[in-house]
Structure formats: structure tokens, C-alpha cells
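Text of start.pdb (PDB, C-alpha atoms) as supplied:
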ATOM      1  CA  MET A 283     -14.754 -64.979 -59.321
ATOM      2  CA  ASN A 284     -14.166 -61.318 -60.073
ATOM      3  CA  ALA A 285     -17.569 -60.036 -59.033
ATOM      4  CA  THR A 286     -17.810 -61.929 -55.747
ATOM      5  CA  VAL A 287     -15.545 -59.616 -53.743
ATOM      6  CA  PRO A 288     -17.335 -56.381 -52.794
ATOM      7  CA  LEU A 289     -15.623 -53.112 -53.518
ATOM      8  CA  TRP A 290     -15.260 -52.001 -49.909
ATOM      9  CA  VAL A 291     -13.407 -55.214 -49.066
ATOM     10  CA  GLU A 292     -11.047 -54.526 -51.946
ATOM     11  CA  ALA A 293     -10.568 -50.975 -50.649
ATOM     12  CA  VAL A 294      -9.681 -52.273 -47.178
ATOM     13  CA  VAL A 295      -7.318 -54.861 -48.669
ATOM     14  CA  SER A 296      -5.656 -52.186 -50.837
ATOM     15  CA  VAL A 297      -5.111 -49.861 -47.870
ATOM     16  CA  LEU A 298      -3.592 -52.676 -45.798
ATOM     17  CA  LEU A 299      -1.297 -53.770 -48.626
ATOM     18  CA  VAL A 300      -0.035 -50.271 -49.358
ATOM     19  CA  ALA A 301       0.514 -49.701 -45.617
ATOM     20  CA  SER A 302       2.666 -52.819 -45.445
ATOM     21  CA  GLY A 303       4.648 -51.679 -48.483
ATOM     22  CA  ILE A 304       5.299 -48.296 -46.865
ATOM     23  CA  ALA A 305       6.324 -50.015 -43.613
ATOM     24  CA  SER A 306       8.762 -52.163 -45.565
ATOM     25  CA  LEU A 307      10.204 -49.072 -47.254
ATOM     26  CA  ILE A 308      10.665 -47.348 -43.878
ATOM     27  CA  ALA A 309      12.418 -50.447 -42.557
ATOM     28  CA  ALA A 310      14.715 -50.514 -45.597
ATOM     29  CA  SER A 311      15.585 -46.846 -45.183
ATOM     30  CA  GLY A 312      16.372 -47.576 -41.542
ATOM     31  CA  ILE A 313      18.665 -50.408 -42.599
ATOM     32  CA  ILE A 314      20.433 -48.048 -44.965
ATOM     33  CA  ARG A 315      20.589 -44.859 -42.914
ATOM     34  CA  LEU A 316      20.973 -45.868 -39.254
ATOM     35  CA  ARG A 317      24.515 -45.881 -37.924
ATOM     36  CA  GLY A 318      25.950 -48.946 -36.283
ATOM     37  CA  LEU A 319      24.665 -52.503 -36.105
ATOM     38  CA  PHE A 320      22.866 -52.091 -32.804
ATOM     39  CA  GLN A 321      20.716 -49.306 -34.244
ATOM     40  CA  ARG A 322      20.176 -51.176 -37.503
ATOM     41  CA  LEU A 323      18.881 -54.235 -35.639
ATOM     42  CA  HIS A 324      15.716 -52.306 -34.787
ATOM     43  CA  ALA A 325      14.699 -51.516 -38.361
ATOM     44  CA  PRO A 326      13.452 -54.899 -39.720
ATOM     45  CA  ALA A 327      11.102 -55.281 -36.753
ATOM     46  CA  LEU A 328       8.836 -52.717 -38.420
ATOM     47  CA  ALA A 329       8.464 -54.848 -41.542
ATOM     48  CA  GLY A 330       8.221 -57.979 -39.407
ATOM     49  CA  SER A 331       5.446 -56.764 -37.143
ATOM     50  CA  PHE A 332       3.420 -54.050 -38.878
ATOM     51  CA  GLY A 333       4.077 -55.248 -42.425
ATOM     52  CA  SER A 334       3.333 -58.907 -41.808
ATOM     53  CA  TRP A 335       0.226 -58.149 -39.732
ATOM     54  CA  SER A 336      -1.096 -55.901 -42.502
ATOM     55  CA  VAL A 337      -0.541 -58.467 -45.231
ATOM     56  CA  ALA A 338      -2.012 -61.272 -43.114
ATOM     57  CA  LEU A 339      -5.116 -59.229 -42.285
ATOM     58  CA  ALA A 340      -5.483 -58.325 -45.974
ATOM     59  CA  THR A 341      -5.213 -62.023 -46.896
ATOM     60  CA  VAL A 342      -7.810 -62.958 -44.284
ATOM     61  CA  ALA A 343     -10.204 -60.234 -45.473
ATOM     62  CA  TYR A 344      -9.804 -61.049 -49.172
ATOM     63  CA  PHE A 345     -10.154 -64.816 -48.926
ATOM     64  CA  SER A 346     -13.008 -64.554 -46.424
ATOM     65  CA  ALA A 347     -14.902 -62.335 -48.878
ATOM     66  CA  LEU A 348     -13.966 -64.596 -51.787
ATOM     67  CA  GLU A 349     -15.111 -67.841 -50.195
ATOM     68  CA  GLY A 350     -17.955 -66.462 -48.107
ATOM     69  CA  SER A 351     -16.698 -67.977 -44.863
ATOM     70  CA  PRO A 352     -13.901 -66.974 -42.466
ATOM     71  CA  VAL A 353     -10.443 -68.053 -43.637
ATOM     72  CA  LEU A 354      -8.104 -67.386 -40.742
ATOM     73  CA  HIS A 355      -5.029 -69.531 -41.360
ATOM     74  CA  ALA A 356      -2.924 -66.635 -42.701
ATOM     75  CA  LEU A 357      -2.799 -65.212 -39.179
ATOM     76  CA  VAL A 358      -0.371 -67.998 -38.264
ATOM     77  CA  ILE A 359       2.424 -66.238 -40.168
ATOM     78  CA  PRO A 360       2.666 -63.033 -38.065
ATOM     79  CA  LEU A 361       2.332 -65.157 -34.922
ATOM     80  CA  VAL A 362       5.242 -67.342 -36.045
ATOM     81  CA  LEU A 363       7.233 -64.214 -36.904
ATOM     82  CA  ALA A 364       6.445 -62.725 -33.488
ATOM     83  CA  VAL A 365       7.986 -65.808 -31.887
ATOM     84  CA  THR A 366      10.991 -66.275 -34.156
ATOM     85  CA  MET A 367      12.163 -62.765 -35.068
ATOM     86  CA  PRO A 368      13.179 -61.614 -31.528
ATOM     87  CA  PHE A 369      14.967 -64.921 -31.068
ATOM     88  CA  ALA A 370      17.114 -64.383 -34.168
ATOM     89  CA  SER A 371      17.666 -60.707 -33.329
ATOM     90  CA  VAL A 372      18.873 -61.462 -29.799
ATOM     91  CA  LEU A 373      21.218 -64.184 -31.067
ATOM     92  CA  LEU A 374      22.621 -61.822 -33.684
ATOM     93  CA  ALA A 375      23.075 -59.029 -31.135
ATOM     94  CA  ARG A 376      24.892 -61.387 -28.780
ATOM     95  CA  ALA A 377      27.173 -62.551 -31.590
ATOM     96  CA  ALA A 378      27.907 -58.936 -32.562
ATOM     97  CA  LEU A 379      28.605 -57.947 -28.944
ATOM     98  CA  PHE A 380      30.954 -60.897 -28.508
ATOM     99  CA  ARG A 381      32.833 -60.159 -31.717
ATOM    100  CA  LYS A 382      33.165 -56.443 -30.997
ATOM    101  CA  ARG A 383      34.514 -57.247 -27.516
ATOM    102  CA  GLN A 384      37.003 -59.627 -29.097
ATOM    103  CA  ASP A 385      38.089 -56.819 -31.399
ATOM    104  CA  GLY A 386      38.684 -54.552 -28.415
ATOM    105  CA  ALA A 387      35.903 -52.086 -29.178
ATOM    106  CA  ASN A 388      34.398 -49.947 -26.423
ATOM    107  CA  MET A 389      31.448 -52.140 -25.450
ATOM    108  CA  PRO A 390      29.486 -52.491 -22.217
ATOM    109  CA  PRO A 391      31.043 -55.082 -19.887
ATOM    110  CA  PRO A 392      29.390 -58.467 -19.301
ATOM    111  CA  LEU A 393      26.977 -58.663 -16.411
ATOM    112  CA  SER A 394      28.270 -61.914 -14.952
ATOM    113  CA  ARG A 395      31.775 -62.062 -13.526
ATOM    114  CA  GLY A 396      33.713 -65.179 -14.199
TER     115      GLY A 396
ATOM    116  CA  MET B   7      -9.718 -58.310 -59.695
ATOM    117  CA  SER B   8     -10.767 -54.688 -59.839
ATOM    118  CA  PRO B   9      -8.401 -51.950 -61.084
ATOM    119  CA  LEU B  10      -8.142 -50.593 -57.517
ATOM    120  CA  LEU B  11      -6.743 -53.803 -56.078
ATOM    121  CA  SER B  12      -4.561 -54.371 -59.128
ATOM    122  CA  ILE B  13      -2.964 -50.927 -58.749
ATOM    123  CA  ALA B  14      -2.526 -51.458 -55.000
ATOM    124  CA  VAL B  15      -0.811 -54.809 -55.566
ATOM    125  CA  PHE B  16       1.484 -53.257 -58.158
ATOM    126  CA  ALA B  17       2.390 -50.339 -55.871
ATOM    127  CA  THR B  18       3.086 -52.680 -52.958
ATOM    128  CA  LEU B  19       5.248 -54.944 -55.096
ATOM    129  CA  LEU B  20       7.173 -51.860 -56.205
ATOM    130  CA  CYS B  21       7.698 -50.869 -52.547
ATOM    131  CA  TYR B  22       8.944 -54.383 -51.737
ATOM    132  CA  ALA B  23      11.270 -54.333 -54.734
ATOM    133  CA  ILE B  24      12.808 -51.010 -53.671
ATOM    134  CA  ALA B  25      13.136 -52.264 -50.090
ATOM    135  CA  MET B  26      14.832 -55.452 -51.289
ATOM    136  CA  SER B  27      17.214 -53.424 -53.457
ATOM    137  CA  LEU B  28      18.227 -51.368 -50.407
ATOM    138  CA  GLY B  29      18.648 -54.627 -48.487
ATOM    139  CA  VAL B  30      20.901 -55.983 -51.230
ATOM    140  CA  TYR B  31      22.946 -52.785 -50.997
ATOM    141  CA  ARG B  32      23.429 -53.392 -47.268
ATOM    142  CA  LEU B  33      24.170 -57.059 -47.970
ATOM    143  CA  LEU B  34      26.957 -56.153 -50.392
ATOM    144  CA  ARG B  35      28.380 -53.107 -48.610
ATOM    145  CA  GLY B  36      27.765 -53.978 -44.949
ATOM    146  CA  PRO B  37      30.835 -53.177 -42.897
ATOM    147  CA  GLY B  38      30.577 -56.278 -40.724
ATOM    148  CA  ALA B  39      29.378 -59.837 -41.096
ATOM    149  CA  GLU B  40      26.460 -59.144 -38.736
ATOM    150  CA  ASP B  41      25.176 -56.411 -41.051
ATOM    151  CA  ARG B  42      25.101 -58.906 -43.891
ATOM    152  CA  VAL B  43      23.189 -61.436 -41.795
ATOM    153  CA  LEU B  44      20.714 -58.699 -40.861
ATOM    154  CA  ALA B  45      20.262 -57.754 -44.512
ATOM    155  CA  LEU B  46      19.734 -61.418 -45.442
ATOM    156  CA  ASP B  47      17.049 -61.704 -42.766
ATOM    157  CA  PHE B  48      15.374 -58.602 -44.169
ATOM    158  CA  LEU B  49      15.475 -60.077 -47.682
ATOM    159  CA  TYR B  50      13.853 -63.284 -46.402
ATOM    160  CA  LEU B  51      11.109 -61.228 -44.763
ATOM    161  CA  ASN B  52      10.405 -59.183 -47.881
ATOM    162  CA  GLY B  53      10.377 -62.276 -50.075
ATOM    163  CA  MET B  54       7.828 -63.878 -47.788
ATOM    164  CA  LEU B  55       5.645 -60.762 -47.844
ATOM    165  CA  SER B  56       5.833 -60.621 -51.660
ATOM    166  CA  LEU B  57       4.784 -64.253 -51.826
ATOM    167  CA  MET B  58       1.717 -63.578 -49.672
ATOM    168  CA  LEU B  59       0.945 -60.564 -51.853
ATOM    169  CA  LEU B  60       1.107 -62.695 -55.009
ATOM    170  CA  GLY B  61      -1.205 -65.163 -53.277
ATOM    171  CA  ILE B  62      -3.786 -62.365 -53.042
ATOM    172  CA  ARG B  63      -3.093 -61.282 -56.625
ATOM    173  CA  TYR B  64      -3.700 -64.736 -58.118
ATOM    174  CA  ALA B  65      -6.385 -65.715 -55.534
ATOM    175  CA  SER B  66      -4.375 -68.794 -54.621
ATOM    176  CA  GLY B  67      -4.345 -70.363 -51.192
ATOM    177  CA  MET B  68      -1.370 -72.561 -51.993
ATOM    178  CA  VAL B  69       1.298 -69.970 -51.194
ATOM    179  CA  PHE B  70       0.472 -70.038 -47.490
ATOM    180  CA  GLU B  71       2.573 -73.095 -46.695
ATOM    181  CA  ALA B  72       5.479 -71.752 -48.744
ATOM    182  CA  ALA B  73       5.335 -68.418 -46.889
ATOM    183  CA  LEU B  74       5.275 -70.223 -43.547
ATOM    184  CA  LEU B  75       8.291 -72.311 -44.558
ATOM    185  CA  ILE B  76      10.172 -69.197 -45.669
ATOM    186  CA  ALA B  77       9.421 -67.539 -42.305
ATOM    187  CA  LEU B  78      10.776 -70.556 -40.451
ATOM    188  CA  ALA B  79      13.822 -70.799 -42.738
ATOM    189  CA  ALA B  80      14.603 -67.130 -42.093
ATOM    190  CA  CYS B  81      14.688 -67.742 -38.343
ATOM    191  CA  VAL B  82      16.734 -70.922 -38.641
ATOM    192  CA  SER B  83      19.263 -69.416 -41.048
ATOM    193  CA  SER B  84      19.705 -66.279 -38.948
ATOM    194  CA  ALA B  85      20.174 -68.359 -35.795
ATOM    195  CA  ALA B  86      22.669 -70.656 -37.527
ATOM    196  CA  LEU B  87      24.672 -67.728 -38.926
ATOM    197  CA  ALA B  88      24.668 -65.982 -35.534
ATOM    198  CA  LYS B  89      25.882 -69.212 -33.938
ATOM    199  CA  PHE B  90      28.593 -69.473 -36.553
ATOM    200  CA  LEU B  91      29.716 -65.892 -35.873
ATOM    201  CA  LEU B  92      29.664 -66.545 -32.132
ATOM    202  CA  ARG B  93      31.463 -69.886 -32.059
ATOM    203  CA  GLY B  94      33.080 -70.391 -35.415
ATOM    204  CA  ASP B  95      30.997 -73.526 -35.859
ATOM    205  CA  VAL B  96      27.319 -74.336 -36.258
ATOM    206  CA  ILE B  97      27.028 -77.809 -34.732
ATOM    207  CA  GLU B  98      29.648 -78.482 -32.086
TER     208      GLU B  98
END

Now that the file is in, can you turn its structure into C-alpha cells?
Amino acid sequence: MNATVPLWVEAVVSVLLVASGIASLIAASGIIRLRGLFQRLHAPALAGSFGSWSVALATVAYFSALEGSPVLHALVIPLVLAVTMPFASVLLARAALFRKRQDGANMPPPLSRG
Amino acid sequence: MSPLLSIAVFATLLCYAIAMSLGVYRLLRGPGAEDRVLALDFLYLNGMLSLMLLGIRYASGMVFEAALLIALAACVSSAALAKFLLRGDVIE
């Protein structure tokens, strides 16, 4: 099994994996260093989009080279994340906006009257 | 598994571990409840990415379903916690 994956495929897989690790580190530093929840909400999107696409492409490349035929099912994961992560982020932002308004913070007013 | 890929997997796992430690810091010290939910979502994401990485490391195709389930559970848990923060209840 070890000799069946060519070296250039392993090089591509390594570059993609390390890129996703660096993206995850940047997202974590954003979670730590950005001020306020509404700025911090932006940070995990980097790990969710760039990081998950990199790991999924690395998985597709490695298993395709290992089995000799295209193995594409790992691409479902970044597609699922692309659907579900904005949904959760918007819900969380709405909850935070509602709670900060309840606390009397200086927040933008609601768009709909009534 | 060549030494190149082995070193790359180790370095990436180290990056994920540091990122998850920073996420745990935000989870414990977050000023508001929303910050903690955000940090929990980030931890879910990094756990899923580490699982896919270990799938490459051990050349196993079985982790795919688990990673997909973790991705869905992250969305559902974040939505449920946001609903709880918004309404004070999950299922009304």
C-alpha cells in the first residue's frame, strides 16, 4: 500500500493539509484577538471554507491515487458546511443582536416597525 | 506513508491542536454566552477536520460518515443553542 501513491501526489496532499492547518490557526487567532462578537463571528468561516475545502481536496487526491479510480465522496463535507455554517452564524448573530438590545446596548434599530 | 506526508500530517495536527486550545480559551473566558457558542462551533469544526486528517493518515475510508455526522451535529447544536438564547426554550 505504501508504494502505490506517487510522490507528487503526496506533495500536493501535504501542501493542502498544511494550508488547512494554517487557515485553522488564523481563524483561531481571529477568535482570540478580534474585539466584539460581531467581529468574531467572521473568523471561523476561514476554517470552514478554506480549511475544509483543502482537507477534502487532499482526501480526494490521496484516495484517488491509492485506489486508482476517482473517489469523490469527501467533497460532500465542504458542500454541507457551505449550506449549514451561514445558517448557524445568522441564527447566532440574530440571537446576539436580540440579547444586546434587551440589555440596552447601542445596537442598530430593527428594520420592521411593529 | 512517506516521511513527507507523515511530517505534514503531524504539523497539521499540531496546528489543529493549537487552534482548538485557543478555542477552549474563548469557550472558558468568553464574555457572553454567544462567544461560547461560537467557540463550541469552532471546536466542532476543528474536530471534524482532525478526523478527516486521521482518515488520510490511516488510509481509512470509514471516517467519512463520522465527519459528515459531526458537521451536521455542529450545525444543529449551534442552531439549537442560538434558539435557546433567543427564546429561552428550544422546542416551544

The centre and edge lengths of an axis-aligned box containing all atoms of stretch 305-316 of chain A present in the file, extended by 8 Å on each side, are to be given in Å to one decimal, as lines of an AutoDock Vina configuration file.
center_x = 13.6
center_y = -48.5
center_z = -43.3
size_x = 30.6
size_y = 23.3
size_z = 24.0

Inset, instruction - Compare A:Thr286, A:Leu307, A:Ser296, A:Pro326 by their minimum atom-to-atom distance to B:Ser27, counting all atoms listed in the file, and give me the closest one. - result: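 Ranked by minimum distance to B:Ser27, first place goes to A:Leu307.
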
Legend entry - Among listed residues A:Ser306, A:Ser394, A:Gln321, A:Asn388, nearest chain B (using all atoms listed in the file):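 The answer is A:Ser306, which sits nearest to chain B.
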
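Distances from A:Leu357, A:Leu373, A:Leu393, A:Ala387 to A:Ser336 were compared using all atoms listed in the file, and the smallest one belongs to A:Leu357.
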
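The shortest atom-to-atom distance to chain B, with only C-alpha atoms taken into account, belongs to A:Ile359 out of A:Ile359, A:Val353, A:Arg317, A:Leu379.
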
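The gap separating atom CA of A:Val372 from atom CA of A:Leu298 is 28.9 Å, in Å to one decimal.
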
Give me, as a Markdown table, each residue of chain B that comes within 7 Å of chain A, together with its shortest interatomic pair and the distance in Å at one decimal, counting all atoms listed in the file, with rows ordered by chain and rising residue number.
| residue | atom | partner | partner_atom | distance |
| --- | --- | --- | --- | --- |
| B:Met7 | CA | A:Asn284 | CA | 5.4 |
| B:Leu11 | CA | A:Ser296 | CA | 5.6 |
| B:Ala14 | CA | A:Ser296 | CA | 5.3 |
| B:Ala17 | CA | A:Val300 | CA | 7.0 |
| B:Thr18 | CA | A:Gly303 | CA | 4.8 |
| B:Cys21 | CA | A:Gly303 | CA | 5.1 |
| B:Tyr22 | CA | A:Gly303 | CA | 6.0 |
| B:Ala25 | CA | A:Ala310 | CA | 5.1 |
| B:Leu28 | CA | A:Ala310 | CA | 6.0 |
| B:Gly29 | CA | A:Ala310 | CA | 6.4 |
| B:Arg32 | CA | A:Ile314 | CA | 6.5 |
| B:Glu40 | CA | A:Ala378 | CA | 6.3 |
| B:Asp41 | CA | A:Leu319 | CA | 6.3 |
| B:Phe48 | CA | A:Pro326 | CA | 6.1 |
| B:Leu51 | CA | A:Gly330 | CA | 6.9 |
| B:Leu55 | CA | A:Ser334 | CA | 6.7 |
| B:Ile62 | CA | A:Thr341 | CA | 6.3 |
| B:Phe70 | CA | A:Ala356 | CA | 6.8 |
| B:Leu74 | CA | A:Ile359 | CA | 6.0 |
| B:Ala77 | CA | A:Leu363 | CA | 6.7 |
| B:Cys81 | CA | A:Thr366 | CA | 5.8 |
| B:Ser84 | CA | A:Ala370 | CA | 5.8 |
| B:Ala85 | CA | A:Ala370 | CA | 5.3 |
| B:Ala88 | CA | A:Leu374 | CA | 5.0 |
| B:Leu91 | CA | A:Ala377 | CA | 6.0 |
| B:Leu92 | CA | A:Ala377 | CA | 4.7 |

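You will find atom CA of B:Tyr50 at 10.8 Å from atom CA of B:Leu75.
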
Inset, instruction - Name the residues, using the chain letters and numbers of the file, that sit within 6 Å of (21.8, -57.7, -48.0) when counting only C-alpha atoms, and give them as a list in words. - result: Gly29, Val30, Tyr31, Arg32, Leu33, Leu34, Arg42, Ala45 and Leu46 of chain B

Generate the output file for the selected residues, C-alpha atoms, as an mmCIF file, in the coordinates of the input.
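Result went into selection_8.cif, see below:
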data_model
loop_
_atom_site.group_PDB
_atom_site.id
_atom_site.type_symbol
_atom_site.label_atom_id
_atom_site.label_comp_id
_atom_site.auth_asym_id
_atom_site.auth_seq_id
_atom_site.Cartn_x
_atom_site.Cartn_y
_atom_site.Cartn_z
ATOM 1 C CA GLY B 29 18.648 -54.627 -48.487
ATOM 2 C CA VAL B 30 20.901 -55.983 -51.230
ATOM 3 C CA TYR B 31 22.946 -52.785 -50.997
ATOM 4 C CA ARG B 32 23.429 -53.392 -47.268
ATOM 5 C CA LEU B 33 24.170 -57.059 -47.970
ATOM 6 C CA LEU B 34 26.957 -56.153 -50.392
ATOM 7 C CA ARG B 42 25.101 -58.906 -43.891
ATOM 8 C CA ALA B 45 20.262 -57.754 -44.512
ATOM 9 C CA LEU B 46 19.734 -61.418 -45.442
#

Legend entry - Between atom CA of B:Leu19 and atom CA of B:Leu60, distance in Å (one decimal): 8.8 Å
